[in-house]
Amino acid sequence: MRHFLLSIVSALLASSCSAAWHSAGNVDAVTIAGDTAATLRAGDQTLTVTVCADDVLHIRFGRSDAGTPDRSWAVVRGAWPGRHARFAESPAELRVSTPRVTLVVGMKPLRLTFLDPAGNVIARDDSSLGMCRDGNDVGAWMAMPEGEQYYGFGEKAGDIRKRNSAMTMWNSDIPAYGADTDPLYQSIPFFFAVRSGKAYGIFFDNPWRTWFDMGKESRSRYAFGAEGGEINYYFFPGPSAKEILSRFTAMVGRMPIPPRWSLGYQQCRWSYASESRVREIAGGFRSRRIPCDMIYLDIDYMDGYRIFTWNRSAFPDPKRLIGDLGAMGFTVAVIVDPGIKTDTSYAVFRSGLARDAFVRASGGGLWTGSVWPGTCAFPDFTSTTTREWWGSQFAGLVADGVRGFWNDMNEPSVFDAPGKTIGLDAVHGGDGSPLPHAAVHNVYGMEMVRGTYDGVRPLMHGQRPFVLTRASYAGGERYSAAWTGDNVSSWEHLAIAIPMCLGMGLSGQPFIGSDIGGFIGHPSGELFARWLELGAFTPLMRAHSVTGEINKEPWEFGDTITAMNRETINLRYRFLPYIYTAMQEASASGLPAMRAMLLEFPDDPRFAETADEFMFGSELLVAPVIVQGDVRKRVLLPRGAWYDFLSGERLEGGGSITVDAPLERIPLFARAGGVIPTQQVVQYTGEAPISPLTLTAFPPEPGTEYTSPYYEDDGTTFDYERGVYWRRTLRQSGDGETRTLALGPVSGTYEPPPRRVDVRFAAFGAPPHGVTLGGKDVPRTASLPADPAAVAWSYDTASRTVEVVFPDTRQAIDVVIRR
Ligand code: MIG
């Protein structure tokens, strides 16, 4: 076996991409298996087509003799009931049809064409190349029609549009990367093609080093391929990009709802290296009244960088420290790298050895390389027993009170190895079918967070853990949030954080953020303040800094900037009910909270390239300032009516506007009819229950009904999986005479503590003639009563807002205001 692997690896190392590609030849045998799959032989190659669902076809093409099991690290669900597949064979072609797509397999030679139900070509193989092999390399060439654009591809910097560019997927540790650097830390070999507002998707599920050439080499075709394995992809016919993303994430898995505290502000640095410094930082937030939920400990908390140990001179009593921080409202996350120091006096190394938990060299011994602790062995996370062993190692940290687990260096990054990672021929156990590192490199990081998440979840007795990773693969969101690695304190890096996060969201990972302020370098106060504003509307809001740099906590840039930063973090906390709802939606549907404009508005070609504004949820447009010195922002507004969130000013969409954006302001816009739930400022998420729950209702266009979701649960347990949540639809409608906000009936069994609802009807030009709640007249008061059980309304002339307060209830209830 080892021998066989070695020869594959050396062959692939020798072959590179020299392109003596052999195209698929003529089909010489067709077997239709049951009503969902067909197998076609073309010489020594085999094509398998499987209908996973009416809107997903699985294409596998590889050497007939390879006998490769159909194994995926990403796909957790590959078949849906109620498929309607029909197979029709003729001498010239095989047609595989569902109500959503028809695949025509041309037989002479073997070429694929995907048609929509009306018979139009969605996508097709390039007629001269199609699917090819060159030794162990595989590649698929597809026609690239004019005007087709490509998006997704996971973590990629630079232009959000990928037509005319070439990319590689190979998880790599590249500190201070730039807009042109490729590959980066994470590999999600999934993309959308969009043409005239219609999309299709391809997920190339191959964890070897893969490449994508989206028309860099040719004007008429694009291609993707790998240095090993098979052509193995899933085709999603669309045409709705949102539906594709929903189905793709149903296949590879979605994010569990994050603990609410992980959506607060997070403070990190390399490193808060002693107990006293950590206490000082925690106290610094509370004394300055700057909200914060999480503090991270970077590598210096450990004893000589030995994973799962503490440096007892710097952290003499971690449990007490974490307990004290917990009492102040902070949750602690610690970094956990994969490298295990090969030190026989170190219990974790000894127990790993005893269980054969480590990656082996091709010769059979341990594969070792140097990272922070010195010479290390690397857990073979592709093996179930290793993941179980790994997961159990967290018992001590969990007992100490750690609730956040930050998996870094898991590309994996190795300082002294050729290629800066595990040797390509090193051997992973693969649960009985050994695999060379080259075959699993891109899933190493994901399998690490799988081991971490699956290990800590049962240890936490029903509490949600938080896991953060640098490296991952398609489906990694099942276990972990992700951040965009070692960026730089520069305006360029602030700008590229947006397309990077949007690309991740388009590829199934919604829980994403960049190091606020920039990891490497020295941000100005202006840069930090702007980055924090963006961070308030990225799902992960974490500031971080490299070792040896200036302090970059939000109060380190002078009093004026400190005050602005406090307000920005306050804004994040105000928006938490909205953010939480959007994250729950991402968890349930795969649609990311932070959304590329093109995903929300596929029919508007102006957004094909937009990456300096984005949607957060479907109600809020976020337009951060990302240029030094700018105090105004040009914003492209989607069609329809929009409202400036701050002033309530109505803006006609469809064009562009320029708004004032002084340093303390991030431009935010609500869509007409949208309802945005917000709450009071708290210093940390668990400080107090939401009260009041403010629902800011922006005017509906006359005669149109709008719905906005609202979701809440206990924020910390998995009880939501058993229906313990509080969910309702907020529906707005209106005509010239009235505006109605209908709070739908609550579904789910969660009971928040009693609280006031504060409905704010924005942009209402004059005091209403009357307000009713559930059909009963509401009394007007000059100022709203303090009693949370009171029912009353008042009007604020300056902001043109009608404010109606009443106790929250599970029952459906309508609030109506009359002109
Ligand atoms: O070799 O743990 O990206 O966030 O602070 C550097 C130290 C290792 C890289 C991570 C960074 C972290 C740093 N790590």
# chains A, B, ... in the order shown; residues from 1 in each chain; ligands from 1

call {"tool": "residues_near_ligand", "arguments": {"ligand": "ligand 1", "cutoff": "6 Å", "atoms": "only C-alpha atoms and all ligand atoms", "output": "PyMOL selection string"}}
result
chain A and resi 270+298-299+408+485-486+546

call {"tool": "write_last_selection", "arguments": {"atoms": "C-alpha atoms", "output": "PDB file, in the first residue's frame"}}
result
ATOM      1  CA  TRP A 270      -0.632  37.892  20.264  1.00  0.00           C
ATOM      2  CA  ASP A 298      -2.733  33.404  22.013  1.00  0.00           C
ATOM      3  CA  ILE A 299       0.189  30.947  22.087  1.00  0.00           C
ATOM      4  CA  ASP A 408      -4.654  28.124  14.037  1.00  0.00           C
ATOM      5  CA  GLY A 485      -5.730  35.154   8.442  1.00  0.00           C
ATOM      6  CA  ASP A 486      -2.777  37.466   8.782  1.00  0.00           C
ATOM      7  CA  VAL A 546       0.683  40.502  15.893  1.00  0.00           C
TER       8      VAL A 546
END

call {"tool": "residues_around", "arguments": {"residues": "segment 216-222 of chain A", "least_positions_apart": "5", "cutoff": "9 Å", "atoms": "only C-alpha atoms", "output": "list in words"}}
result
Asp125, Asp126, Ala140, Trp141, Met142, Ala143, Met144, Pro145, Glu146, Arg163, Asn164, Ser165 and Ala166 of chain A

call {"tool": "write_last_selection", "arguments": {"atoms": "N, CA and C atoms", "output": "mmCIF file, in the first residue's frame"}}
result
data_model
loop_
_atom_site.group_PDB
_atom_site.id
_atom_site.type_symbol
_atom_site.label_atom_id
_atom_site.label_comp_id
_atom_site.auth_asym_id
_atom_site.auth_seq_id
_atom_site.Cartn_x
_atom_site.Cartn_y
_atom_site.Cartn_z
ATOM 1 N N ASP A 125 -19.674 21.026 -21.757
ATOM 2 C CA ASP A 125 -18.241 20.789 -21.929
ATOM 3 C C ASP A 125 -17.730 21.571 -23.126
ATOM 4 N N ASP A 126 -16.493 21.979 -23.031
ATOM 5 C CA ASP A 126 -15.816 22.509 -24.207
ATOM 6 C C ASP A 126 -15.732 21.360 -25.213
ATOM 7 N N ALA A 140 -11.369 19.443 -16.226
ATOM 8 C CA ALA A 140 -12.619 19.537 -16.986
ATOM 9 C C ALA A 140 -12.673 20.913 -17.628
ATOM 10 N N TRP A 141 -12.863 20.933 -18.932
ATOM 11 C CA TRP A 141 -12.943 22.196 -19.665
ATOM 12 C C TRP A 141 -14.386 22.432 -20.080
ATOM 13 N N MET A 142 -14.888 23.604 -19.790
ATOM 14 C CA MET A 142 -16.277 23.911 -20.105
ATOM 15 C C MET A 142 -16.321 25.180 -20.957
ATOM 16 N N ALA A 143 -17.365 25.251 -21.754
ATOM 17 C CA ALA A 143 -17.530 26.438 -22.587
ATOM 18 C C ALA A 143 -17.752 27.660 -21.703
ATOM 19 N N MET A 144 -17.186 28.788 -22.120
ATOM 20 C CA MET A 144 -17.317 30.017 -21.337
ATOM 21 C C MET A 144 -18.015 31.074 -22.191
ATOM 22 N N PRO A 145 -19.344 31.114 -22.097
ATOM 23 C CA PRO A 145 -20.067 32.061 -22.948
ATOM 24 C C PRO A 145 -19.728 33.499 -22.585
ATOM 25 N N GLU A 146 -19.888 34.349 -23.573
ATOM 26 C CA GLU A 146 -19.658 35.760 -23.337
ATOM 27 C C GLU A 146 -20.606 36.262 -22.246
ATOM 28 N N ARG A 163 -13.966 35.979 -13.499
ATOM 29 C CA ARG A 163 -13.706 35.725 -14.909
ATOM 30 C C ARG A 163 -12.343 36.320 -15.257
ATOM 31 N N ASN A 164 -11.619 35.641 -16.091
ATOM 32 C CA ASN A 164 -10.264 36.035 -16.525
ATOM 33 C C ASN A 164 -9.197 35.824 -15.458
ATOM 34 N N SER A 165 -9.534 35.116 -14.394
ATOM 35 C CA SER A 165 -8.469 34.871 -13.434
ATOM 36 C C SER A 165 -8.294 33.376 -13.195
ATOM 37 N N ALA A 166 -7.117 33.037 -12.706
ATOM 38 C CA ALA A 166 -6.805 31.643 -12.393
ATOM 39 C C ALA A 166 -6.538 31.544 -10.904
#

call {"tool": "closest_atom_pairs", "arguments": {"of": "segment 569-675 of chain A", "to": "segment 712-720 of chain A", "cutoff": "12 Å", "atoms": "only C-alpha atoms", "output": "tab-separated table"}}
result
residue	atom	partner	partner_atom	distance
A:Leu576	CA	A:Glu712	CA	10.3
A:Pro577	CA	A:Glu712	CA	7.4
A:Tyr578	CA	A:Glu712	CA	9.5
A:Ile579	CA	A:Glu712	CA	10.4
A:Tyr580	CA	A:Glu712	CA	7.2
A:Thr581	CA	A:Glu712	CA	6.8
A:Ala582	CA	A:Glu712	CA	10.5
A:Met583	CA	A:Glu712	CA	10.5
A:Gln584	CA	A:Glu712	CA	8.5
A:Glu585	CA	A:Glu712	CA	11.1
A:Ser587	CA	A:Tyr720	CA	11.7
A:Ala588	CA	A:Tyr720	CA	11.5

call {"tool": "select_by_dssp", "arguments": {"residues": "segment 575-726 of chain A", "states": "helix (DSSP H, G or I)", "output": "VMD selection string"}}
result
chain A and resid 576 to 589 597 to 600 605 to 607 719 to 722

call {"tool": "atom_distance", "arguments": {"atom1": "atom CA of Ala495 of chain A", "atom2": "atom CA of Asp180 of chain A"}}
result
13.2 Å

call {"tool": "residues_around", "arguments": {"residues": "Arg161 of chain A", "least_positions_apart": "6", "cutoff": "9 Å", "atoms": "only C-alpha atoms", "output": "list in words"}}
result
Gln149, Tyr150, Tyr151, Gly152, Ala608 and Glu609 of chain A

call {"tool": "residues_around", "arguments": {"residues": "segment 153-155 of chain A", "least_positions_apart": "6", "cutoff": "10 Å", "atoms": "only C-alpha atoms", "output": "ChimeraX atom specification"}}
result
/A:162,167-169,182-192,203,212,471-474,482-484,497,499-509

call {"tool": "select_by_dssp", "arguments": {"residues": "segment 572-692 of chain A", "states": "strand (DSSP E)", "output": "PyMOL selection string"}}
result
chain A and resi 594-595+614-616+620-622+632-636+641-644+650-652+656-660+668-671+675-678

call {"tool": "decode", "arguments": {"residues": "segment 623-772 of chain A", "atoms": "C-alpha atoms", "output": "PDB file, in the first residue's frame"}}
result
ATOM      1  CA  ALA A 623     -21.834  50.893   2.941  1.00  0.00           C
ATOM      2  CA  PRO A 624     -18.614  51.224   4.949  1.00  0.00           C
ATOM      3  CA  VAL A 625     -16.026  53.861   4.165  1.00  0.00           C
ATOM      4  CA  ILE A 626     -12.830  52.117   3.146  1.00  0.00           C
ATOM      5  CA  VAL A 627     -10.770  54.946   1.683  1.00  0.00           C
ATOM      6  CA  GLN A 628      -8.406  57.065   3.734  1.00  0.00           C
ATOM      7  CA  GLY A 629      -9.648  60.592   4.251  1.00  0.00           C
ATOM      8  CA  ASP A 630     -13.085  59.995   2.763  1.00  0.00           C
ATOM      9  CA  VAL A 631     -15.973  61.577   4.624  1.00  0.00           C
ATOM     10  CA  ARG A 632     -18.544  60.903   1.966  1.00  0.00           C
ATOM     11  CA  LYS A 633     -19.587  57.620   0.435  1.00  0.00           C
ATOM     12  CA  ARG A 634     -21.062  56.920  -2.937  1.00  0.00           C
ATOM     13  CA  VAL A 635     -23.654  54.186  -2.640  1.00  0.00           C
ATOM     14  CA  LEU A 636     -25.398  52.252  -5.391  1.00  0.00           C
ATOM     15  CA  LEU A 637     -28.968  51.776  -4.257  1.00  0.00           C
ATOM     16  CA  PRO A 638     -30.969  48.805  -5.495  1.00  0.00           C
ATOM     17  CA  ARG A 639     -34.263  49.584  -7.174  1.00  0.00           C
ATOM     18  CA  GLY A 640     -37.189  50.473  -4.930  1.00  0.00           C
ATOM     19  CA  ALA A 641     -37.357  52.817  -2.001  1.00  0.00           C
ATOM     20  CA  TRP A 642     -34.692  52.944   0.687  1.00  0.00           C
ATOM     21  CA  TYR A 643     -34.329  54.819   3.944  1.00  0.00           C
ATOM     22  CA  ASP A 644     -31.266  56.247   5.567  1.00  0.00           C
ATOM     23  CA  PHE A 645     -31.190  54.323   8.834  1.00  0.00           C
ATOM     24  CA  LEU A 646     -30.036  57.292  10.856  1.00  0.00           C
ATOM     25  CA  SER A 647     -32.096  60.173   9.467  1.00  0.00           C
ATOM     26  CA  GLY A 648     -35.089  58.239   8.183  1.00  0.00           C
ATOM     27  CA  GLU A 649     -34.751  60.116   4.897  1.00  0.00           C
ATOM     28  CA  ARG A 650     -36.438  58.411   1.961  1.00  0.00           C
ATOM     29  CA  LEU A 651     -34.170  57.643  -0.977  1.00  0.00           C
ATOM     30  CA  GLU A 652     -35.282  56.553  -4.385  1.00  0.00           C
ATOM     31  CA  GLY A 653     -33.366  53.456  -5.437  1.00  0.00           C
ATOM     32  CA  GLY A 654     -32.082  52.479  -8.847  1.00  0.00           C
ATOM     33  CA  GLY A 655     -29.327  55.057  -8.983  1.00  0.00           C
ATOM     34  CA  SER A 656     -26.422  56.138  -6.909  1.00  0.00           C
ATOM     35  CA  ILE A 657     -26.333  58.618  -4.064  1.00  0.00           C
ATOM     36  CA  THR A 658     -23.546  60.213  -2.112  1.00  0.00           C
ATOM     37  CA  VAL A 659     -24.015  60.457   1.622  1.00  0.00           C
ATOM     38  CA  ASP A 660     -22.127  62.144   4.412  1.00  0.00           C
ATOM     39  CA  ALA A 661     -19.947  59.711   6.272  1.00  0.00           C
ATOM     40  CA  PRO A 662     -17.830  61.526   8.821  1.00  0.00           C
ATOM     41  CA  LEU A 663     -15.354  59.326  10.648  1.00  0.00           C
ATOM     42  CA  GLU A 664     -17.834  58.277  13.313  1.00  0.00           C
ATOM     43  CA  ARG A 665     -20.452  57.138  10.838  1.00  0.00           C
ATOM     44  CA  ILE A 666     -21.027  54.000   8.812  1.00  0.00           C
ATOM     45  CA  PRO A 667     -23.762  54.566   6.231  1.00  0.00           C
ATOM     46  CA  LEU A 668     -26.683  52.166   6.726  1.00  0.00           C
ATOM     47  CA  PHE A 669     -29.865  51.905   4.699  1.00  0.00           C
ATOM     48  CA  ALA A 670     -33.065  50.006   5.342  1.00  0.00           C
ATOM     49  CA  ARG A 671     -35.242  48.766   2.546  1.00  0.00           C
ATOM     50  CA  ALA A 672     -38.780  50.114   2.364  1.00  0.00           C
ATOM     51  CA  GLY A 673     -41.102  48.052   4.502  1.00  0.00           C
ATOM     52  CA  GLY A 674     -38.242  46.524   6.457  1.00  0.00           C
ATOM     53  CA  VAL A 675     -38.437  46.082  10.220  1.00  0.00           C
ATOM     54  CA  ILE A 676     -35.132  46.139  12.074  1.00  0.00           C
ATOM     55  CA  PRO A 677     -35.078  44.742  15.595  1.00  0.00           C
ATOM     56  CA  THR A 678     -32.567  46.312  17.974  1.00  0.00           C
ATOM     57  CA  GLN A 679     -32.004  46.385  21.704  1.00  0.00           C
ATOM     58  CA  GLN A 680     -30.511  48.460  24.487  1.00  0.00           C
ATOM     59  CA  VAL A 681     -26.726  48.753  24.777  1.00  0.00           C
ATOM     60  CA  VAL A 682     -25.233  46.206  27.162  1.00  0.00           C
ATOM     61  CA  GLN A 683     -21.606  45.736  28.170  1.00  0.00           C
ATOM     62  CA  TYR A 684     -21.787  42.047  27.216  1.00  0.00           C
ATOM     63  CA  THR A 685     -24.515  39.896  25.739  1.00  0.00           C
ATOM     64  CA  GLY A 686     -25.408  38.176  29.001  1.00  0.00           C
ATOM     65  CA  GLU A 687     -25.579  41.363  31.050  1.00  0.00           C
ATOM     66  CA  ALA A 688     -29.324  41.805  30.728  1.00  0.00           C
ATOM     67  CA  PRO A 689     -32.157  40.365  28.693  1.00  0.00           C
ATOM     68  CA  ILE A 690     -33.310  42.336  25.670  1.00  0.00           C
ATOM     69  CA  SER A 691     -35.507  45.171  26.950  1.00  0.00           C
ATOM     70  CA  PRO A 692     -36.951  47.001  25.311  1.00  0.00           C
ATOM     71  CA  LEU A 693     -37.048  45.171  22.014  1.00  0.00           C
ATOM     72  CA  THR A 694     -37.123  48.035  19.554  1.00  0.00           C
ATOM     73  CA  LEU A 695     -38.699  47.415  16.163  1.00  0.00           C
ATOM     74  CA  THR A 696     -37.871  50.199  13.755  1.00  0.00           C
ATOM     75  CA  ALA A 697     -40.368  49.996  10.923  1.00  0.00           C
ATOM     76  CA  PHE A 698     -39.528  51.754   7.673  1.00  0.00           C
ATOM     77  CA  PRO A 699     -42.461  52.811   5.506  1.00  0.00           C
ATOM     78  CA  PRO A 700     -43.848  50.244   3.126  1.00  0.00           C
ATOM     79  CA  GLU A 701     -44.586  51.349  -0.396  1.00  0.00           C
ATOM     80  CA  PRO A 702     -48.349  51.816  -0.726  1.00  0.00           C
ATOM     81  CA  GLY A 703     -50.206  48.649  -1.550  1.00  0.00           C
ATOM     82  CA  THR A 704     -47.249  46.324  -0.992  1.00  0.00           C
ATOM     83  CA  GLU A 705     -46.811  43.903   1.865  1.00  0.00           C
ATOM     84  CA  TYR A 706     -43.379  43.247   3.360  1.00  0.00           C
ATOM     85  CA  THR A 707     -42.212  40.631   5.794  1.00  0.00           C
ATOM     86  CA  SER A 708     -39.187  40.609   8.063  1.00  0.00           C
ATOM     87  CA  PRO A 709     -38.158  37.694  10.260  1.00  0.00           C
ATOM     88  CA  TYR A 710     -37.572  37.818  13.986  1.00  0.00           C
ATOM     89  CA  TYR A 711     -35.807  35.028  15.839  1.00  0.00           C
ATOM     90  CA  GLU A 712     -34.576  34.657  19.360  1.00  0.00           C
ATOM     91  CA  ASP A 713     -33.683  31.833  21.712  1.00  0.00           C
ATOM     92  CA  ASP A 714     -31.723  31.391  24.943  1.00  0.00           C
ATOM     93  CA  GLY A 715     -28.524  32.156  23.007  1.00  0.00           C
ATOM     94  CA  THR A 716     -26.377  29.582  24.751  1.00  0.00           C
ATOM     95  CA  THR A 717     -27.844  26.060  24.590  1.00  0.00           C
ATOM     96  CA  PHE A 718     -28.911  23.629  21.875  1.00  0.00           C
ATOM     97  CA  ASP A 719     -32.496  23.639  23.109  1.00  0.00           C
ATOM     98  CA  TYR A 720     -33.433  25.441  19.904  1.00  0.00           C
ATOM     99  CA  GLU A 721     -32.992  22.095  18.170  1.00  0.00           C
ATOM    100  CA  ARG A 722     -36.023  20.945  20.187  1.00  0.00           C
ATOM    101  CA  GLY A 723     -38.174  23.908  19.306  1.00  0.00           C
ATOM    102  CA  VAL A 724     -37.213  26.142  22.231  1.00  0.00           C
ATOM    103  CA  TYR A 725     -37.144  29.424  20.366  1.00  0.00           C
ATOM    104  CA  TRP A 726     -39.283  32.498  19.802  1.00  0.00           C
ATOM    105  CA  ARG A 727     -39.912  33.184  16.174  1.00  0.00           C
ATOM    106  CA  ARG A 728     -42.391  35.427  14.460  1.00  0.00           C
ATOM    107  CA  THR A 729     -42.905  37.220  11.208  1.00  0.00           C
ATOM    108  CA  LEU A 730     -43.200  40.987  11.174  1.00  0.00           C
ATOM    109  CA  ARG A 731     -45.440  42.130   8.394  1.00  0.00           C
ATOM    110  CA  GLN A 732     -45.858  45.683   7.197  1.00  0.00           C
ATOM    111  CA  SER A 733     -48.370  47.145   4.849  1.00  0.00           C
ATOM    112  CA  GLY A 734     -49.947  50.492   4.285  1.00  0.00           C
ATOM    113  CA  ASP A 735     -51.873  52.815   2.078  1.00  0.00           C
ATOM    114  CA  GLY A 736     -52.337  56.559   2.090  1.00  0.00           C
ATOM    115  CA  GLU A 737     -54.369  56.384   5.287  1.00  0.00           C
ATOM    116  CA  THR A 738     -52.783  53.809   7.566  1.00  0.00           C
ATOM    117  CA  ARG A 739     -49.610  51.943   8.308  1.00  0.00           C
ATOM    118  CA  THR A 740     -49.841  48.517   9.902  1.00  0.00           C
ATOM    119  CA  LEU A 741     -47.173  46.467  11.580  1.00  0.00           C
ATOM    120  CA  ALA A 742     -48.499  42.978  12.216  1.00  0.00           C
ATOM    121  CA  LEU A 743     -46.524  40.970  14.737  1.00  0.00           C
ATOM    122  CA  GLY A 744     -47.299  37.400  13.761  1.00  0.00           C
ATOM    123  CA  PRO A 745     -47.985  34.681  16.313  1.00  0.00           C
ATOM    124  CA  VAL A 746     -44.882  33.365  18.044  1.00  0.00           C
ATOM    125  CA  SER A 747     -43.838  29.854  17.172  1.00  0.00           C
ATOM    126  CA  GLY A 748     -41.547  27.845  19.444  1.00  0.00           C
ATOM    127  CA  THR A 749     -41.613  27.375  23.190  1.00  0.00           C
ATOM    128  CA  TYR A 750     -38.932  29.798  24.367  1.00  0.00           C
ATOM    129  CA  GLU A 751     -40.123  32.383  26.872  1.00  0.00           C
ATOM    130  CA  PRO A 752     -38.015  35.502  27.127  1.00  0.00           C
ATOM    131  CA  PRO A 753     -38.391  37.442  30.373  1.00  0.00           C
ATOM    132  CA  PRO A 754     -41.297  39.919  30.221  1.00  0.00           C
ATOM    133  CA  ARG A 755     -40.301  43.017  28.313  1.00  0.00           C
ATOM    134  CA  ARG A 756     -41.533  46.041  26.489  1.00  0.00           C
ATOM    135  CA  VAL A 757     -41.770  46.265  22.715  1.00  0.00           C
ATOM    136  CA  ASP A 758     -41.001  49.675  21.349  1.00  0.00           C
ATOM    137  CA  VAL A 759     -42.252  50.061  17.789  1.00  0.00           C
ATOM    138  CA  ARG A 760     -40.849  53.041  15.954  1.00  0.00           C
ATOM    139  CA  PHE A 761     -42.610  53.962  12.773  1.00  0.00           C
ATOM    140  CA  ALA A 762     -39.925  55.919  10.962  1.00  0.00           C
ATOM    141  CA  ALA A 763     -40.500  58.695   8.435  1.00  0.00           C
ATOM    142  CA  PHE A 764     -44.050  59.579   9.416  1.00  0.00           C
ATOM    143  CA  GLY A 765     -44.444  63.237   8.487  1.00  0.00           C
ATOM    144  CA  ALA A 766     -46.958  64.409  11.120  1.00  0.00           C
ATOM    145  CA  PRO A 767     -48.443  63.051  14.344  1.00  0.00           C
ATOM    146  CA  PRO A 768     -50.961  60.320  13.522  1.00  0.00           C
ATOM    147  CA  HIS A 769     -54.655  60.840  14.164  1.00  0.00           C
ATOM    148  CA  GLY A 770     -54.825  57.655  16.106  1.00  0.00           C
ATOM    149  CA  VAL A 771     -53.003  54.495  17.033  1.00  0.00           C
ATOM    150  CA  THR A 772     -54.549  51.133  17.747  1.00  0.00           C
TER     151      THR A 772
END
